[in-house]
Structure formats: structure tokens, C-alpha cells
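Following: one structure in C-alpha cells, then a few remarks.
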Amino acid sequence: MSADCLFCRIVAGEIPAARVHEDELMIAIRDRNPQAPVHLLLMPREHIESAADLTDADAAIAGRLLAAAATLARSEGVADGGYRLVVNAGVDGGQTVSHLHLHLLGGRRMQWPPG
Ligand code: AMP
Ligand code: ZN
């Protein structure tokens with residue numbers, strides 16, 4: 001855990017968040033500033049700064065995040081209509097919290113290209 005990392009503190013329960021899933025590798029919470037009717041953040045318990053830091057050693061957590069997204073999309077009722085998974089990486093990618101997380105956005109029609 002990184003003591004000055006917001007998401008590490010949420011994982012540890014030091015900062016409250018609306019949890020919708022947790023298992024031994026990851027948790028999922030509702031984004032506090034939702035950009036769609038459904039906006040979840042899926043993150044590893046382990047502090048990994050960015051998608052740019054992933055290696056083959058992280059295959060289990062990377063796979064779990066994607067599989068959990070599919071499960072959560074169903075439980076949130078957006079799987080049939082469609083949804084978007086986003087991973088912002090680095091400054092130009094729009095990443096503001098330096099702990100890997102996957103956005104699950106759904107419940108409205110998404111635009112392309114993204115902003
Ligand atoms: P990103 O810009 O990809 O790093 O995404 C960070 C996301 O974290 C943003 O969508 C924020 O709204 C969200 N966020 C920041 N602080 C919190 C918090 N305390 N609880 C829930 N979501 C948060
Ligand atoms: Zn962290």
C-alpha cells in the first residue's frame with residue numbers, strides 16, 4: 001500500500017466509498033463524480049501506478065479486472081445495451097489518480113472519438 005495514494009486508502013477502508021464488488025485481488029466502487037448513469041471504478045488491491053506499468057507478472061489482476069467488468073456490467077443492467085471500458089494512462093491519457101483503475105461507463109450512448 002502507498003500511504004499517500006487515494007485509492008490505496010479506499011482499498012484499505014480508510015476513506016469511504018460505495019463498494020459494489022470485492023475479492024482477493026480487486027475492488028470496484030462507484031465513481032463519486034459519475035459521467036454516465038453507471039460509472040464504476042475497478043482497481044487492484046495492490047498499488048500499480050498505471051496501465052503503463054503492467055507486465056506479464058500482472059496477468060492475473062489484468063484478467064480479473066476485465067472479467068469483473070463483464071460481471072458488473074450484467075449486474076448493473078448495461079451488458080445488453082452496451083457500455084464502455086476506459087483506462088486512462090498518464091497525463092496525456094487523462095489519468096488523475098496514480099493507482100491503476102478501469103472505468104466502466106454505461107446507461108447512455110457514448111460518443112466517438114473520446115475527448
Ligand atoms: P482518472 O482521471 O482516470 O484517474 O479517474 C479518476 C476517477 O476517480 C475520476 O473519475 C474521479 O471522479 C474518481 N474519484 C476521485 N476520488 C474519488 C473518491 N474518493 N471516490 C470515488 N471516486 C473518486
Ligand atoms: Zn495506490
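In the C-alpha cells, chains take the letters A, B, ... in the order shown, each chain's residues start at 1, and ligands count up from 1 in the order shown.
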Exercise for review: Could you give me, as a PyMOL selection string, each residue of chain A that DSSP assigns to strand (DSSP E) when run on this structure's backbone?
Suggested key: chain A and resi 19-22+26-30+38-44+83-86+102-106
With C-alpha atoms kept, could you save the residues just selected as a CSV table (one decimal), in the first residue's frame?
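See result_20.csv below for the written result:
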```
chain,number,residue,atom,x,y,z
A,19,ARG,CA,-18.3,-0.7,-2.9
A,20,VAL,CA,-20.1,-2.8,-5.5
A,21,HIS,CA,-17.6,-5.7,-5.6
A,22,GLU,CA,-14.6,-7.0,-3.8
A,26,MET,CA,-9.5,-6.1,-6.5
A,27,ILE,CA,-12.4,-3.9,-5.5
A,28,ALA,CA,-15.0,-2.0,-7.5
A,29,ILE,CA,-16.6,1.3,-6.3
A,30,ARG,CA,-19.0,3.9,-7.7
A,38,VAL,CA,-23.5,3.8,-14.4
A,39,HIS,CA,-19.9,4.7,-13.6
A,40,LEU,CA,-17.8,2.2,-11.7
A,41,LEU,CA,-14.1,2.2,-11.0
A,42,LEU,CA,-12.4,-1.2,-10.8
A,43,MET,CA,-9.0,-1.3,-9.2
A,44,PRO,CA,-6.4,-3.8,-7.9
A,83,TYR,CA,-21.0,0.0,-22.2
A,84,ARG,CA,-17.5,1.4,-22.4
A,85,LEU,CA,-14.3,0.4,-20.5
A,86,VAL,CA,-11.7,3.1,-20.2
A,102,LEU,CA,-10.7,0.7,-15.1
A,103,HIS,CA,-13.7,2.9,-15.7
A,104,LEU,CA,-17.0,1.1,-16.5
A,105,LEU,CA,-19.4,3.6,-18.1
A,106,GLY,CA,-22.9,2.7,-19.2
```
Practice item. Please identify every polymer residue within 8 Å of ligand 2, using only C-alpha atoms and all ligand atoms, and present the set as number ranges by chain. Key: A: 1-9, 45-49, 98-100
Taking only residues of chain A that have an atom at most 7 Å from an atom of ligand 1, what is each one's shortest atom pair and its distance in Å to one decimal, using only C-alpha atoms and all ligand atoms, in chain and number order, as a Markdown table?
```
| residue | atom | partner | partner_atom_place_in_ligand_line | distance |
| --- | --- | --- | --- | --- |
| A:Ala17 | CA | ligand 1 | 20 (N) | 5.5 |
| A:Ile29 | CA | ligand 1 | 21 (C) | 6.7 |
| A:Arg30 | CA | ligand 1 | 21 (C) | 6.0 |
| A:Asp31 | CA | ligand 1 | 22 (N) | 3.8 |
| A:Arg32 | CA | ligand 1 | 21 (C) | 4.1 |
| A:Asn33 | CA | ligand 1 | 12 (O) | 4.3 |
| A:Pro34 | CA | ligand 1 | 12 (O) | 6.5 |
| A:Val87 | CA | ligand 1 | 3 (O) | 6.4 |
| A:Asn88 | CA | ligand 1 | 3 (O) | 4.7 |
| A:Gly94 | CA | ligand 1 | 2 (O) | 5.4 |
| A:Gln95 | CA | ligand 1 | 4 (O) | 3.6 |
| A:Thr96 | CA | ligand 1 | 4 (O) | 3.6 |
| A:Val97 | CA | ligand 1 | 4 (O) | 4.0 |
| A:Ser98 | CA | ligand 1 | 4 (O) | 6.6 |
| A:His101 | CA | ligand 1 | 3 (O) | 6.9 |
```
Requested write-out: C-alpha atoms of the selected residues, as a compact mmCIF listing (two decimals), in the first residue's frame:
```
# COMPACT_ATOMS: atom_id res chain seq x y z
CA ALA A 17 -16.56 4.58 -0.94
CA ILE A 29 -16.60 1.29 -6.34
CA ARG A 30 -18.99 3.89 -7.71
CA ASP A 31 -17.22 6.94 -9.11
CA ARG A 32 -18.06 9.93 -6.91
CA ASN A 33 -18.35 12.18 -9.95
CA PRO A 34 -20.23 9.92 -12.38
CA VAL A 87 -8.20 3.07 -18.78
CA ASN A 88 -6.59 6.49 -18.69
CA GLY A 94 -6.18 11.99 -18.59
CA GLN A 95 -5.16 9.92 -15.56
CA THR A 96 -5.64 11.91 -12.36
CA VAL A 97 -5.28 9.17 -9.73
CA SER A 98 -1.99 7.24 -9.93
CA HIS A 101 -8.21 1.68 -12.42
```
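If you look at atom CA of A:Ala69 and atom CA of A:Val11, they are 17.4 Å away from each other.
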Check your understanding: Mind checking DSSP for stretch 31-95 of chain A and telling me the helix (DSSP H, G or I) residues as a ChimeraX atom specification?
Key -> /A:51-53,56-75,90-93
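Atom CA of A:Ile15 sits 25.6 Å away from atom CA of A:Leu54.
Proximity to A:Gly107 was assessed for A:Leu72, A:Ala36, A:Ala52, A:Leu25 counting only C-alpha atoms; the smallest distance is recorded for A:Ala36.
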Please provide the set of residues having any atom within 12 Å of A:Asp80, restricted to only C-alpha atoms, with same-chain residues fewer than 3 positions apart removed, written as a short mmCIF file (atom, residue, chain, number, x, y, z; two decimals) with all heavy atoms, in the first residue's frame.
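Final output, saved to selection26.cif:
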```
data_model
loop_
_atom_site.label_atom_id
_atom_site.label_comp_id
_atom_site.auth_asym_id
_atom_site.auth_seq_id
_atom_site.Cartn_x
_atom_site.Cartn_y
_atom_site.Cartn_z
N ALA A 70 -17.10 -7.46 -16.91
CA ALA A 70 -18.19 -8.14 -17.62
C ALA A 70 -19.30 -8.55 -16.64
O ALA A 70 -20.49 -8.37 -16.93
CB ALA A 70 -17.64 -9.37 -18.35
N THR A 71 -18.91 -9.06 -15.49
CA THR A 71 -19.90 -9.46 -14.48
C THR A 71 -20.67 -8.26 -13.96
O THR A 71 -21.90 -8.29 -13.81
CB THR A 71 -19.19 -10.18 -13.32
OG1 THR A 71 -18.51 -11.33 -13.84
CG2 THR A 71 -20.18 -10.63 -12.26
N ALA A 73 -21.08 -5.34 -15.41
CA ALA A 73 -21.93 -4.76 -16.46
C ALA A 73 -23.28 -5.48 -16.47
O ALA A 73 -24.34 -4.85 -16.61
CB ALA A 73 -21.25 -4.87 -17.82
N ARG A 74 -23.25 -6.80 -16.28
CA ARG A 74 -24.52 -7.55 -16.21
C ARG A 74 -25.31 -7.16 -14.98
O ARG A 74 -26.50 -6.87 -15.06
CB ARG A 74 -24.24 -9.06 -16.23
CG ARG A 74 -23.90 -9.60 -17.60
CD ARG A 74 -23.94 -11.13 -17.63
NE ARG A 74 -22.86 -11.73 -16.87
CZ ARG A 74 -21.63 -11.94 -17.33
NH1 ARG A 74 -21.33 -11.59 -18.57
NH2 ARG A 74 -20.71 -12.50 -16.58
N SER A 75 -24.65 -7.12 -13.82
CA SER A 75 -25.40 -6.84 -12.58
C SER A 75 -25.90 -5.40 -12.53
O SER A 75 -26.89 -5.10 -11.86
CB SER A 75 -24.56 -7.18 -11.34
OG SER A 75 -23.40 -6.40 -11.29
N GLU A 76 -25.23 -4.49 -13.26
CA GLU A 76 -25.67 -3.09 -13.30
C GLU A 76 -26.71 -2.86 -14.40
O GLU A 76 -27.21 -1.73 -14.55
CB GLU A 76 -24.47 -2.17 -13.54
CG GLU A 76 -23.46 -2.14 -12.38
CD GLU A 76 -23.98 -1.35 -11.18
OE1 GLU A 76 -24.64 -0.32 -11.38
OE2 GLU A 76 -23.74 -1.79 -10.03
N GLY A 77 -26.97 -3.89 -15.20
CA GLY A 77 -28.03 -3.81 -16.19
C GLY A 77 -27.64 -3.12 -17.49
O GLY A 77 -28.52 -2.68 -18.23
N TYR A 83 -21.71 -0.80 -23.23
CA TYR A 83 -21.03 0.04 -22.24
C TYR A 83 -19.62 0.30 -22.72
O TYR A 83 -19.20 -0.22 -23.77
CB TYR A 83 -21.05 -0.61 -20.85
CG TYR A 83 -20.46 -2.01 -20.81
CD1 TYR A 83 -19.13 -2.21 -20.46
CD2 TYR A 83 -21.23 -3.12 -21.15
CE1 TYR A 83 -18.59 -3.48 -20.43
CE2 TYR A 83 -20.69 -4.39 -21.12
CZ TYR A 83 -19.37 -4.57 -20.76
OH TYR A 83 -18.84 -5.82 -20.74
N GLY A 106 -21.76 3.24 -18.48
CA GLY A 106 -22.88 2.73 -19.23
C GLY A 106 -24.18 3.43 -18.87
O GLY A 106 -24.22 4.27 -17.97
N GLY A 107 -25.23 3.09 -19.62
CA GLY A 107 -26.54 3.67 -19.35
C GLY A 107 -26.86 4.85 -20.22
O GLY A 107 -27.91 5.48 -20.07
#
```
